[in-house]
Structure formats: C-alpha cells, structure tokens
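Q: Before I ask anything, here is the structure I am working with.
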Amino acid sequence: MASPFSGALQLTDLDDFIGPSQECIKPVKVEKRPGSGVAKIRIEDDGSYFQVNQDGGTRRLEKAKVSLNDCLACSGCITSAETVLITQQSHEELKKVLDANKMAAPSQQRLVVVSVSPQSRASLAARFQLNPTDTARKLTSFFKKIGVHFVFDTAFSRHFSLLESQREFVRRFRGQADCRQALPLLASACPGWICYAEKTHGSFILPYISTARSPQQVMGSLVKDFFAQQQRLTPDKIYHVTVMPCYDKKLEASRPDFFNQEHQTRDVDCVLTTGEVFRLLEEEDVSLPDLEPAPLDSLCSGASAEEPTSHRGGGSGGYLEHVFRHAARELFGIHVAEVTYKPLRNKDFQEVTLEKEGQVLLHFAMAYGFRNIQNLVQRLKRGHCPYHYVEVMACPSGCLNGGGQLQAPDRPSRELLQHVERLYGMVRAEMPEDAPGVQELYTHWLQGTDSECAGRLLHTQYHAVEKANTGLGIRW
Amino acid sequence: MKDSLVLLGRVPAHPDSRCWFLAWNPAGTLLASCGGDRRIRIWGTEGDSWICKSVLSEGHQRTVRKVAWSPCGNYLASASFDATTCIWKKNQDDFECVTTLEGHENEVKSVAWAPSGNLLATCSRDKSVWVWEGASRSLQVDWEPPDTPLRVRDRVGSWVPFFFSPTVDEEDEYECVSVLNSHTQDVKHVVWHPSQELLASASYDDTVKLYREEEDDWVCCATLEGHESTVWSLAFDPSGQRLASCSDDRTVRIWRQYLPDNEQGVACSGSDPSWKCICTLSGFHSRTIYDIAWCQLTGALATACGDDAIRVFQEDPNSDPQQPTFSLTAHLHQAHSQDVNCVAWNPKEPGLLASCSDDGEVAFWKYQRPEGL
C-alpha cells in the first residue's frame, strides 16, 4: 500500500522516530492447571500442536497471537512506526474516547476539544459545496452532536505562530554580524520538512530552522495550558483533537517535546486528517449540508465568533508574506502593499525581493516539495544560498494539497485543488497584530511578548536523529 | 559459432575485487571501468594492448557501481554505494571531481546522461529515480559601486552575491529537477532513449518504468510488466523504437513502442505511447542475466550472464517487425571465471565488445556475425 505520508517523510525512515522495541511485552495468558508434572508436546503431521498430559489425554494447543492492538501497547516490534501512528491516532480512537465519556462518572470524564485547520475546512467545503462559514458552523454542530465539547479554529493559534516567526526573523537579521548561522531562517510549521531535516541533515541544518511552533502545537499550548486553566482542569483531563490536511501532523503531535511530563499528557492527543473526518461523518450517517449551523466557539471571549478568519499569503499559513511585510516595515520602514512572487525552476519554487534604489534589501523564497527542499539544502551546504528566509513545505502546492485532504475521483485533481484554494481564499484575512484576543493573551497568559512563558509555550527545539542500528532497522 | 566471438585480450582491471561496469567514451577511444575497490580506471590502446591511462581513486568511500560518459565525452559520472554520484571533468589524461550529487538515501545503483547532455538520471536502493539538470554559473557580471557586493545572475535568473576572484571559474552545478517514487523496490538501472528525453528504469520489483517531462515535473508514463523477477538492465535499439530488458528470470524481453493511432491497432491511453512485449528470448541463459547491450552500429544484442558466459543475438533477416525473431549467433562459455557483470559495444568500431566480471577482469572481444546466420 502506498504510504500516505509526505514525500519527504517517505524517503526518511519513520522507524527512526518511533523506535520499535526489541522485546514483545505482551503477557501470554497461560491457564495453569493444578497438579505437577511435565506435559509433553506432540506435533501432528498437519503441523498442529497437541499437549499430551501425563494421563495420556491430549489437548490441541492454540497458536499464540499478537494482534495489532496488543502491539500498540508498546511501540511494537511487528508493526512499523507508520501503522502505530495511523492506528493510535484515528477516528476510531476518538469514538472510543467519546463512548467512554458517555459511560464514565462525571469526575472521570474528559473534556473533548477539536481544533480544525482552515485547510481541512476548505477541503470539506469543496466536497460538500458549502461556503467556508457554513462549513465551520456545521462542523461545529456535527462534533457537538457526537459529544465534543468545544470546536476551535487553528487560524487563531496561527496568529501566534506568525508573530513569533516575524519577531524571530527581525532578531536574527539584526544579529547577523554576531552569528554565522543566523540566516537564512527556515520556516518550521511543516513536520514533514522538520523530520526530514533532523534525520538527513542533522546538526548542520537545525540552527537555521525557526523555533516558532506550528499552529497545531501553539493550539496544543493554548488548549492544554490556557484553556485548561480557564476551565479549572488539569491538562490530562482534556482530550485535544486536531483536524489537519496531512498525516505528517500525527508525527508532529507525538514528538516528545510536545509531551507534558508533569501531567503525563500530550499537547495534542489525536490528529485526524480531513479524510478521517469525512469517514467519521459517513460512519455516523450524517450529511453535513443538512445540519443546522451552530455558533462558532472562540478561545477568548473578546473575539467575534460570527465567521472564521484566515491569513493572507497562500494556503500554507502565509509565513513568507507575513515575515516579509513585517521585516520590510521594521528593518527598512517600507510598507509593502502587494507581495510579488517570481517563479523559478518550477511553480513550487518562487522568490520575492525587496529592492530600493537598485539594491536588494530582502531576498525571500518559498520552496515546496522534496526536490526543491533538496536543492535548497544543497545550496545551503555549498554556501550558495542567497535567501534570508525560506518558507519550506514538504507537499507540492503546499498544505491545501496535503496527503490527508479529500480526493474526488471524478474531478481532475488540479481543478479540485483550484476550487479548494478559492474557498480557502474566500475567508476574511486578519493581521495577527490586530486580531482580537491575541494581545490580551500575550499580556495575561504569557506575561509579555518575550517572556520565559512565551518562549516555553510558543517555541520548540529540534534534535538530530541518529539512524537506528538495531537489527530490526534493516530493510532488505 | 565458436569463432564468432574471439578474445583479443584481458586486463586485471580491479585486482582482488569485482569489476562492476564498463563504459566506452563517445569517440570509442577510452574505456572506463569501475569496481568494488572504489576505483575507476580509464583504459586506452597502446599498439595492440590496452593500458591503464588514469586511476580515479579519491572519489568514493564504497564500491563504484556504474560509470557513464557525457555525450560530449568531457565528463564522466560515477554512481556509488556510498549514496553519492561524482561528476568528473576530463582534462587530457587527468580527471577532476567537479561536483558530487547527494540526496539519495542509500546506495546509488546507476547513472545515465540524457542525449542533450544537460540532464542526468540516477537511481537507488531507496526505490527512487532522480532527474538532475546541469547549471553553469553565468558570466554576466554586474558591477556596482564599491561599497555594495558584486552580483551575478545565476542560471535561473536570480541575483546572487559574487565574490570576485582573479580567475573566474565556471562552476558546474547540478540541481534536482524531479524525484520519482514509482518503483516499489530497489531500482537497478536507468537508461535514456537515444534521441528523445524519455527515461527508462529497471527494478527489483520486476517492472520497467518509463518517464517523461510534463510541465514542470517528470511523470511515469508507462509500466512494462512481464518479467517474473528482478529486471537488471535495459538497452534501447539504435532507432529508439525498441527496448530490450534482461532479468533474473533468465529471459530477455524486447518491447516495442506504439504511438497513439498506430497502424497495428495497439491501444494507447491518452497521448502517451504504449509499449508491448513483442519477443521473449528464453531457454538460452542458465542463470541471471545481469546486463544487456544493443550495438548502435550493427544491431547485435550482447548479454552478460551469471553462468560466466557471453552471448550474442541478432535479429533474423526476414523478421516481422511486430513479432521479431532473434537467433543466438555467439555463445562463449567461461568468458570469465565468475559472473559476467557487464557487456559494452564500442560505439565506433563494429564488433568490438568489452566485458567485465566478478573476477575483477576486463576482457576485449571481436565479434563477427557468422555466415548464414
């Protein structure tokens, strides 16, 4: 079966991120019978095993089985990392949690929160022929119908991710003289890119990668820290699900850096792809367009919950555009109205320059897809990289074309993608600086923009991954 | 038949090691060999014998599996188990490694230059096929007032800082144009069509795949199924209309390209040509066939086999183009003392064939089509 993970992740070895353990810990239940004595085992001609008791009686022995579910208890020697990830984080898991909630006593129940990405919403909107606002409201309605308590939009957490990226760039640009690895700054929102970088280029490339968390993981902090406090719950009492356009986000959610040791809980418990939400709708026998739209939830009371909002700069978050415009203003006092992209070798590799009186002040690029990531990294290694900032994404055409988005067998994929892009672009864009609720959270939740709290909750680290040398790692 | 393939000479090309592959330069004057000793040797004639003119030893950390000359003859590419591909530039008898292509996850199994000379293909045990494009740094220089850095436009039109040095070298750089993940197993060999920008690959997954450019990317446009085991090597015929493949299943298959709206009524999907197996040569080889070479001058087909023999086939004179028949015109037992890994026809001298083996030796042969066959 073809792997659903991004091309960059397929070429690395997922097993090096989730190491299979060498020993099977499944306890085998043995029925102990009274009486001493050693039983003998006889192998029949057909290969079946019979236990021969001392009194001569025989009993056919059952084969020991280790099922997939058993293997999920440990990281599994039989199952590959991919299977572990996909099965541990699935809509089946969500259903189990919701069912458990129904049976459990109030004190044992978990608060279930779902955070939907704008890209997943656009994909669902295209499929059901709805506009983005209706899709958001009807999705909220659906999730609440099956027992989810709150439904948020990761466009909100994206404000923080963009702001942190902007600030980080300006800081590094100003600090160029002191640090040789200050620039280029490489975007960090895409886990396919991050895992590939950690595995294949390790400590060479990691210093260049932005430490800002992705919108998914900022949402993890928001839900399990800020929102938990608001709800007067410990983080482990919240089950946080995100809806994302790709499978690579499942790997991101399971990173040890996003595991809260104190409360033994992940910032994001389960990632569902757009496709998995679609399956959930089918299994629950719900027609999304027929649902009554519900009011949208918001993480802070100040924010308007009438319609969803988004950001300009394309379907992968708009990192290049936001960092560019902010840097132009902060560093050079230039206001950029429209960002003009110049395609290079292919449409997934484009550049943007800020020029004044013939001089290039800023030189940014977007590099999507494995072949362009390859070329970028090779150029960097040879010292030929002319860019100050690069928005790197593992999927050709970006997140709207992620491996978990809905396909339409009866439509040419390019036409479908354009439709999804149009729906995505219909949502009103907001500047993160001006978005309601953001500044308040910086002040009250994070105690300031450059605080220790902000550093801990809005940033992360990367680790070069060593190739596992266990015998299990050999693929023949 | 015994006299149709005559030994001209042997050289111990890669002593105490295997010789994996051979490549004649386009002029037919030099033969490059590579092996398990991590070296590449360049052989040329001196009178009647073959002597080693250069040894390229500092390029790779592991076995060099294949070598390929560029169409102009000035460059040599080498594919290695160390996961890199080196590009060597020829300067008379000296070769200098001008760039290293990195990116494959593990052993690179093959490298091939496109007839245009600007594209390269590599394939690897990581199941992928990569297409690379060469780019030389342009010499258009833009001189600005002294306090701003010099800028140079690179091949794709971007301005890049340029630090002026007294000798302005042209740098050879290769960028990855496409990463193709169509095969499901180790890819053993890649070869380009003699005149079109069409790429073919052979794999441990028992198939042959063909690729072409579509807009700004490369796509797999055909999959040739039929072999029952690993396909080890490929060779196009001089016209490019037919492709020969050889396999661990001990057969050679000949495939023919049918364009849309062909006379024979072979179905095509869309605007892509179809490929059909029009001939299978079975029962001739007793072990795995590791290499196949189609002479561009005479049309003779040579095979390298794990039974230590070299065989040559020729198409019968009145053969039906849609259902050709080939006859065995040479069968040399014990051509080498171990598996024969490669056979290569000289591109300029008809009948001159080179072969190499696990025994580390390179042998030169003269082939003459037997009378009446």
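Every chain in the structure tokens takes a letter, A first, then B, and so on in the order presented; its residues are numbered from 1, and the ligands are numbered from 1 following the presented order.
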Considering only C-alpha atoms, tabulate each residue of chain B that lies at most 6 Å from chain A along with its nearest interatomic pair and the corresponding distance in Å to one decimal; arrange the rows by chain and ascending residue number and present them as JSON lines.

A:
{"residue": "B:Val160", "atom": "CA", "partner": "A:Pro386", "partner_atom": "CA", "distance": 5.7}
{"residue": "B:Glu175", "atom": "CA", "partner": "A:Asn375", "partner_atom": "CA", "distance": 5.8}
{"residue": "B:Cys176", "atom": "CA", "partner": "A:Arg371", "partner_atom": "CA", "distance": 5.8}
{"residue": "B:Ser178", "atom": "CA", "partner": "A:Arg371", "partner_atom": "CA", "distance": 5.7}
{"residue": "B:Asp216", "atom": "CA", "partner": "A:Asn346", "partner_atom": "CA", "distance": 5.4}

Q: If you run DSSP on the backbone here, which positions in region 255-473 of chain A get strand (DSSP E or B)? Please write them as a compact mmCIF listing (two decimals) with all heavy atoms, in the first residue's frame.

A:
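Saved as out-v9.txt:
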# COMPACT_ATOMS: atom_id res chain seq x y z
N PHE A 259 5.17 16.66 24.77
CA PHE A 259 4.57 15.81 25.81
C PHE A 259 4.80 16.48 27.15
O PHE A 259 5.92 16.82 27.50
CB PHE A 259 5.23 14.43 25.78
CG PHE A 259 4.64 13.47 26.77
CD1 PHE A 259 3.42 12.87 26.51
CD2 PHE A 259 5.29 13.18 27.96
CE1 PHE A 259 2.86 11.98 27.42
CE2 PHE A 259 4.74 12.30 28.88
CZ PHE A 259 3.52 11.70 28.61
N ASN A 260 3.75 16.69 27.87
CA ASN A 260 3.83 17.34 29.18
C ASN A 260 4.16 16.30 30.24
O ASN A 260 3.32 15.48 30.59
CB ASN A 260 2.47 18.01 29.44
CG ASN A 260 2.44 18.78 30.75
OD1 ASN A 260 3.06 18.39 31.74
ND2 ASN A 260 1.70 19.87 30.74
N THR A 265 0.67 14.02 29.70
CA THR A 265 -0.32 14.18 28.65
C THR A 265 0.28 14.90 27.45
O THR A 265 1.21 15.70 27.60
CB THR A 265 -1.57 14.93 29.17
OG1 THR A 265 -2.55 14.98 28.13
CG2 THR A 265 -1.23 16.37 29.56
N ARG A 266 -0.21 14.59 26.26
CA ARG A 266 0.30 15.28 25.06
C ARG A 266 -0.46 16.58 24.84
O ARG A 266 -1.63 16.69 25.22
CB ARG A 266 0.11 14.37 23.84
CG ARG A 266 1.02 13.17 23.85
CD ARG A 266 1.40 12.81 22.43
NE ARG A 266 0.35 12.04 21.78
CZ ARG A 266 0.49 10.81 21.32
NH1 ARG A 266 1.65 10.19 21.45
NH2 ARG A 266 -0.49 10.20 20.73
N CYS A 270 -4.66 13.63 19.56
CA CYS A 270 -5.04 12.86 18.38
C CYS A 270 -5.16 13.78 17.18
O CYS A 270 -5.80 14.83 17.28
CB CYS A 270 -6.38 12.18 18.68
SG CYS A 270 -7.03 11.23 17.30
N VAL A 271 -4.55 13.41 16.09
CA VAL A 271 -4.67 14.19 14.86
C VAL A 271 -5.52 13.39 13.88
O VAL A 271 -5.22 12.22 13.62
CB VAL A 271 -3.29 14.47 14.23
CG1 VAL A 271 -3.44 15.22 12.92
CG2 VAL A 271 -2.42 15.25 15.20
N LEU A 272 -6.56 14.00 13.37
CA LEU A 272 -7.37 13.35 12.34
C LEU A 272 -7.15 14.08 11.04
O LEU A 272 -7.09 15.31 11.02
CB LEU A 272 -8.86 13.43 12.69
CG LEU A 272 -9.33 12.70 13.94
CD1 LEU A 272 -10.85 12.83 14.08
CD2 LEU A 272 -8.96 11.23 13.89
N THR A 273 -7.03 13.35 9.97
CA THR A 273 -6.91 14.02 8.68
C THR A 273 -8.32 14.37 8.21
O THR A 273 -9.31 13.87 8.74
CB THR A 273 -6.28 13.10 7.62
OG1 THR A 273 -7.14 11.96 7.45
CG2 THR A 273 -4.90 12.64 8.03
N SER A 310 -8.80 34.18 8.49
CA SER A 310 -7.64 33.50 7.94
C SER A 310 -6.48 34.48 7.83
O SER A 310 -6.52 35.56 8.42
CB SER A 310 -8.00 32.91 6.58
OG SER A 310 -6.94 32.10 6.09
N LYS A 342 8.04 35.60 -7.92
CA LYS A 342 8.63 35.29 -9.21
C LYS A 342 8.93 33.79 -9.25
O LYS A 342 9.76 33.30 -8.49
CB LYS A 342 9.92 36.08 -9.40
CG LYS A 342 10.42 36.02 -10.84
CD LYS A 342 11.69 36.80 -10.99
CE LYS A 342 12.85 35.83 -10.85
NZ LYS A 342 14.13 36.42 -11.11
N PRO A 343 8.23 33.06 -10.13
CA PRO A 343 8.52 31.61 -10.20
C PRO A 343 9.92 31.36 -10.75
O PRO A 343 10.35 32.04 -11.67
CB PRO A 343 7.47 31.07 -11.17
CG PRO A 343 6.58 32.20 -11.51
CD PRO A 343 7.26 33.46 -11.14
N PHE A 349 8.72 26.67 -6.48
CA PHE A 349 9.92 27.35 -6.03
C PHE A 349 9.83 28.78 -6.55
O PHE A 349 10.01 29.03 -7.75
CB PHE A 349 11.15 26.64 -6.59
CG PHE A 349 12.45 27.03 -5.93
CD1 PHE A 349 12.49 27.69 -4.72
CD2 PHE A 349 13.66 26.71 -6.54
CE1 PHE A 349 13.69 28.04 -4.12
CE2 PHE A 349 14.87 27.04 -5.94
CZ PHE A 349 14.88 27.71 -4.74
N GLN A 350 9.50 29.73 -5.68
CA GLN A 350 9.29 31.11 -6.12
C GLN A 350 10.05 32.05 -5.19
O GLN A 350 10.26 31.73 -4.02
CB GLN A 350 7.80 31.46 -6.09
CG GLN A 350 6.97 30.44 -6.86
CD GLN A 350 5.64 30.96 -7.31
OE1 GLN A 350 5.39 32.15 -7.28
NE2 GLN A 350 4.77 30.07 -7.74
N GLU A 351 10.44 33.21 -5.71
CA GLU A 351 11.15 34.13 -4.84
C GLU A 351 10.50 35.51 -4.83
O GLU A 351 9.73 35.87 -5.71
CB GLU A 351 12.63 34.21 -5.19
CG GLU A 351 12.94 34.69 -6.57
CD GLU A 351 14.45 34.76 -6.82
OE1 GLU A 351 15.22 33.98 -6.23
OE2 GLU A 351 14.85 35.62 -7.62
N VAL A 352 10.87 36.24 -3.79
CA VAL A 352 10.33 37.58 -3.55
C VAL A 352 11.50 38.47 -3.14
O VAL A 352 12.33 38.05 -2.34
CB VAL A 352 9.30 37.51 -2.39
CG1 VAL A 352 8.91 38.90 -1.94
CG2 VAL A 352 8.07 36.73 -2.81
N THR A 353 11.60 39.67 -3.72
CA THR A 353 12.68 40.56 -3.30
C THR A 353 12.12 41.91 -2.90
O THR A 353 11.10 42.37 -3.43
CB THR A 353 13.71 40.80 -4.42
OG1 THR A 353 13.01 41.13 -5.62
CG2 THR A 353 14.58 39.59 -4.67
N LEU A 354 12.84 42.55 -1.98
CA LEU A 354 12.54 43.93 -1.61
C LEU A 354 13.72 44.73 -2.10
O LEU A 354 14.85 44.53 -1.66
CB LEU A 354 12.39 44.06 -0.09
CG LEU A 354 12.04 45.47 0.39
CD1 LEU A 354 10.58 45.79 0.05
CD2 LEU A 354 12.26 45.62 1.89
N GLU A 355 13.44 45.60 -3.07
CA GLU A 355 14.54 46.39 -3.61
C GLU A 355 14.29 47.88 -3.39
O GLU A 355 13.15 48.34 -3.40
CB GLU A 355 14.66 46.12 -5.13
CG GLU A 355 15.20 44.75 -5.42
CD GLU A 355 15.48 44.54 -6.91
OE1 GLU A 355 16.12 45.43 -7.53
OE2 GLU A 355 15.06 43.51 -7.45
N LYS A 356 15.38 48.59 -3.20
CA LYS A 356 15.27 50.05 -3.07
C LYS A 356 16.47 50.64 -3.76
O LYS A 356 17.60 50.31 -3.43
CB LYS A 356 15.25 50.43 -1.58
CG LYS A 356 14.96 51.89 -1.34
CD LYS A 356 14.81 52.16 0.14
CE LYS A 356 14.70 53.66 0.39
NZ LYS A 356 14.61 54.00 1.79
N GLN A 359 19.09 48.28 -4.98
CA GLN A 359 19.74 47.38 -4.03
C GLN A 359 18.75 46.38 -3.48
O GLN A 359 17.61 46.74 -3.18
CB GLN A 359 20.29 48.22 -2.88
CG GLN A 359 21.70 47.84 -2.51
CD GLN A 359 22.05 48.39 -1.15
OE1 GLN A 359 21.47 49.37 -0.69
NE2 GLN A 359 22.99 47.74 -0.50
N VAL A 360 19.19 45.16 -3.34
CA VAL A 360 18.31 44.13 -2.79
C VAL A 360 18.42 44.16 -1.28
O VAL A 360 19.48 43.93 -0.71
CB VAL A 360 18.70 42.74 -3.32
CG1 VAL A 360 17.91 41.65 -2.60
CG2 VAL A 360 18.47 42.64 -4.81
N LEU A 361 17.30 44.48 -0.63
CA LEU A 361 17.32 44.56 0.83
C LEU A 361 16.92 43.23 1.47
O LEU A 361 17.50 42.80 2.45
CB LEU A 361 16.35 45.66 1.31
CG LEU A 361 16.66 47.06 0.77
CD1 LEU A 361 15.52 48.02 1.13
CD2 LEU A 361 17.98 47.57 1.33
N LEU A 362 15.88 42.62 0.89
CA LEU A 362 15.42 41.33 1.39
C LEU A 362 15.23 40.38 0.21
O LEU A 362 14.72 40.79 -0.82
CB LEU A 362 14.08 41.47 2.13
CG LEU A 362 14.06 42.22 3.45
CD1 LEU A 362 12.63 42.37 3.94
CD2 LEU A 362 14.90 41.51 4.51
N HIS A 363 15.64 39.15 0.41
CA HIS A 363 15.51 38.16 -0.65
C HIS A 363 14.93 36.90 -0.03
O HIS A 363 15.62 36.19 0.71
CB HIS A 363 16.90 37.90 -1.25
CG HIS A 363 16.86 37.21 -2.57
ND1 HIS A 363 18.02 36.87 -3.26
CD2 HIS A 363 15.84 36.81 -3.35
CE1 HIS A 363 17.69 36.29 -4.40
NE2 HIS A 363 16.38 36.24 -4.48
N PHE A 364 13.63 36.66 -0.26
CA PHE A 364 12.94 35.52 0.36
C PHE A 364 12.53 34.51 -0.71
O PHE A 364 12.43 34.84 -1.89
CB PHE A 364 11.64 35.99 1.04
CG PHE A 364 11.82 36.69 2.35
CD1 PHE A 364 13.01 37.33 2.70
CD2 PHE A 364 10.78 36.73 3.27
CE1 PHE A 364 13.15 37.97 3.92
CE2 PHE A 364 10.91 37.38 4.49
CZ PHE A 364 12.09 38.00 4.82
N ALA A 365 12.24 33.29 -0.27
CA ALA A 365 11.76 32.28 -1.22
C ALA A 365 10.78 31.35 -0.56
O ALA A 365 10.75 31.23 0.67
CB ALA A 365 12.92 31.48 -1.78
N MET A 366 9.97 30.69 -1.40
CA MET A 366 9.15 29.60 -0.91
C MET A 366 9.62 28.34 -1.66
O MET A 366 9.81 28.41 -2.88
CB MET A 366 7.66 29.84 -1.12
CG MET A 366 7.31 30.22 -2.53
SD MET A 366 5.58 30.02 -2.90
CE MET A 366 5.59 28.38 -3.58
N ALA A 367 9.83 27.25 -0.93
CA ALA A 367 10.29 26.00 -1.54
C ALA A 367 9.38 24.89 -1.08
O ALA A 367 9.40 24.52 0.09
CB ALA A 367 11.74 25.72 -1.14
N TYR A 368 8.54 24.42 -1.99
CA TYR A 368 7.60 23.35 -1.64
C TYR A 368 8.01 22.09 -2.37
O TYR A 368 8.46 22.12 -3.50
CB TYR A 368 6.17 23.69 -2.09
CG TYR A 368 5.49 24.84 -1.39
CD1 TYR A 368 4.22 25.22 -1.78
CD2 TYR A 368 6.10 25.56 -0.37
CE1 TYR A 368 3.55 26.27 -1.16
CE2 TYR A 368 5.43 26.62 0.25
CZ TYR A 368 4.15 26.97 -0.15
OH TYR A 368 3.48 28.00 0.45
N TYR A 389 15.11 34.29 4.10
CA TYR A 389 14.05 33.50 4.71
C TYR A 389 13.46 32.59 3.66
O TYR A 389 13.24 33.01 2.52
CB TYR A 389 12.96 34.43 5.28
CG TYR A 389 11.83 33.69 5.99
CD1 TYR A 389 11.95 33.32 7.33
CD2 TYR A 389 10.67 33.35 5.31
CE1 TYR A 389 10.93 32.63 7.97
CE2 TYR A 389 9.64 32.65 5.95
CZ TYR A 389 9.79 32.29 7.28
OH TYR A 389 8.78 31.60 7.92
N VAL A 390 13.19 31.33 4.04
CA VAL A 390 12.54 30.43 3.10
C VAL A 390 11.36 29.75 3.77
O VAL A 390 11.50 29.18 4.86
CB VAL A 390 13.50 29.33 2.56
CG1 VAL A 390 12.82 28.51 1.47
CG2 VAL A 390 14.78 29.96 2.01
N GLU A 391 10.19 29.82 3.13
CA GLU A 391 9.02 29.09 3.61
C GLU A 391 9.11 27.70 2.99
O GLU A 391 8.94 27.54 1.79
CB GLU A 391 7.73 29.82 3.17
CG GLU A 391 6.46 29.09 3.57
CD GLU A 391 5.19 29.85 3.16
OE1 GLU A 391 5.10 31.06 3.46
OE2 GLU A 391 4.30 29.25 2.55
N VAL A 392 9.44 26.72 3.83
CA VAL A 392 9.65 25.35 3.34
C VAL A 392 8.45 24.49 3.68
O VAL A 392 8.02 24.45 4.83
CB VAL A 392 10.91 24.73 4.00
CG1 VAL A 392 11.20 23.36 3.40
CG2 VAL A 392 12.11 25.64 3.83
N MET A 393 7.91 23.80 2.68
CA MET A 393 6.78 22.87 2.89
C MET A 393 7.07 21.58 2.13
O MET A 393 7.62 21.64 1.03
CB MET A 393 5.47 23.48 2.39
CG MET A 393 5.04 24.76 3.10
SD MET A 393 4.53 24.45 4.80
CE MET A 393 4.78 26.09 5.50
N ALA A 429 -9.17 37.73 5.71
CA ALA A 429 -7.83 37.66 6.31
C ALA A 429 -7.68 38.73 7.38
O ALA A 429 -8.23 39.83 7.27
CB ALA A 429 -6.78 37.86 5.23
N HIS A 459 7.51 28.19 21.48
CA HIS A 459 8.69 27.77 20.73
C HIS A 459 9.03 26.33 21.04
O HIS A 459 8.50 25.74 21.98
CB HIS A 459 9.88 28.69 21.06
CG HIS A 459 9.74 30.04 20.45
ND1 HIS A 459 10.36 30.41 19.28
CD2 HIS A 459 9.03 31.13 20.86
CE1 HIS A 459 10.02 31.66 18.98
NE2 HIS A 459 9.22 32.11 19.92

Q: Excluding Leu210 (chain B) and its own-chain neighbours fewer than 5 positions away, which residues fall within 9 Å of it when counting only C-alpha atoms? Please give them as a list in words.

A: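 These residues fall inside the cut-off: Leu198, Leu199, Ala200, Ser201, Val219, Cys220, Cys221, Ala222, Thr223 and Leu224 of chain B.
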
Q: Report as a VMD selection string all protein, DNA and RNA residues lying within 8 Å of Val6 (chain B), evaluated on only C-alpha atoms, omitting residues in the same chain fewer than 4 positions from it.

A: chain B and resid 365 to 367

Q: Using N, CA, C and O atoms, can you write the selected residues to a file as a PDB file, in the first residue's frame?

A:
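Output file result_19.pdb is given in full below:
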ATOM      1  N   TRP B 365      36.789  -8.409 -26.887  1.00  0.00           N
ATOM      2  CA  TRP B 365      36.390  -9.437 -27.850  1.00  0.00           C
ATOM      3  C   TRP B 365      36.135  -8.839 -29.218  1.00  0.00           C
ATOM      4  O   TRP B 365      35.729  -7.691 -29.360  1.00  0.00           O
ATOM      5  N   LYS B 366      36.331  -9.695 -30.240  1.00  0.00           N
ATOM      6  CA  LYS B 366      35.965  -9.289 -31.597  1.00  0.00           C
ATOM      7  C   LYS B 366      34.816 -10.180 -32.008  1.00  0.00           C
ATOM      8  O   LYS B 366      34.930 -11.410 -31.980  1.00  0.00           O
ATOM      9  N   TYR B 367      33.705  -9.569 -32.365  1.00  0.00           N
ATOM     10  CA  TYR B 367      32.542 -10.341 -32.787  1.00  0.00           C
ATOM     11  C   TYR B 367      32.355 -10.204 -34.291  1.00  0.00           C
ATOM     12  O   TYR B 367      32.422  -9.113 -34.856  1.00  0.00           O
TER      13      TYR B 367
END

Q: Tell me which protein, DNA and RNA residues are within 12 Å of region 260-269 of chain B, counting only C-alpha atoms, leaving out same-chain ones fewer than 3 positions away, and put them as an NGL selection string.

A: :B and (221-222 or 256-257 or 272-278 or 321-323)
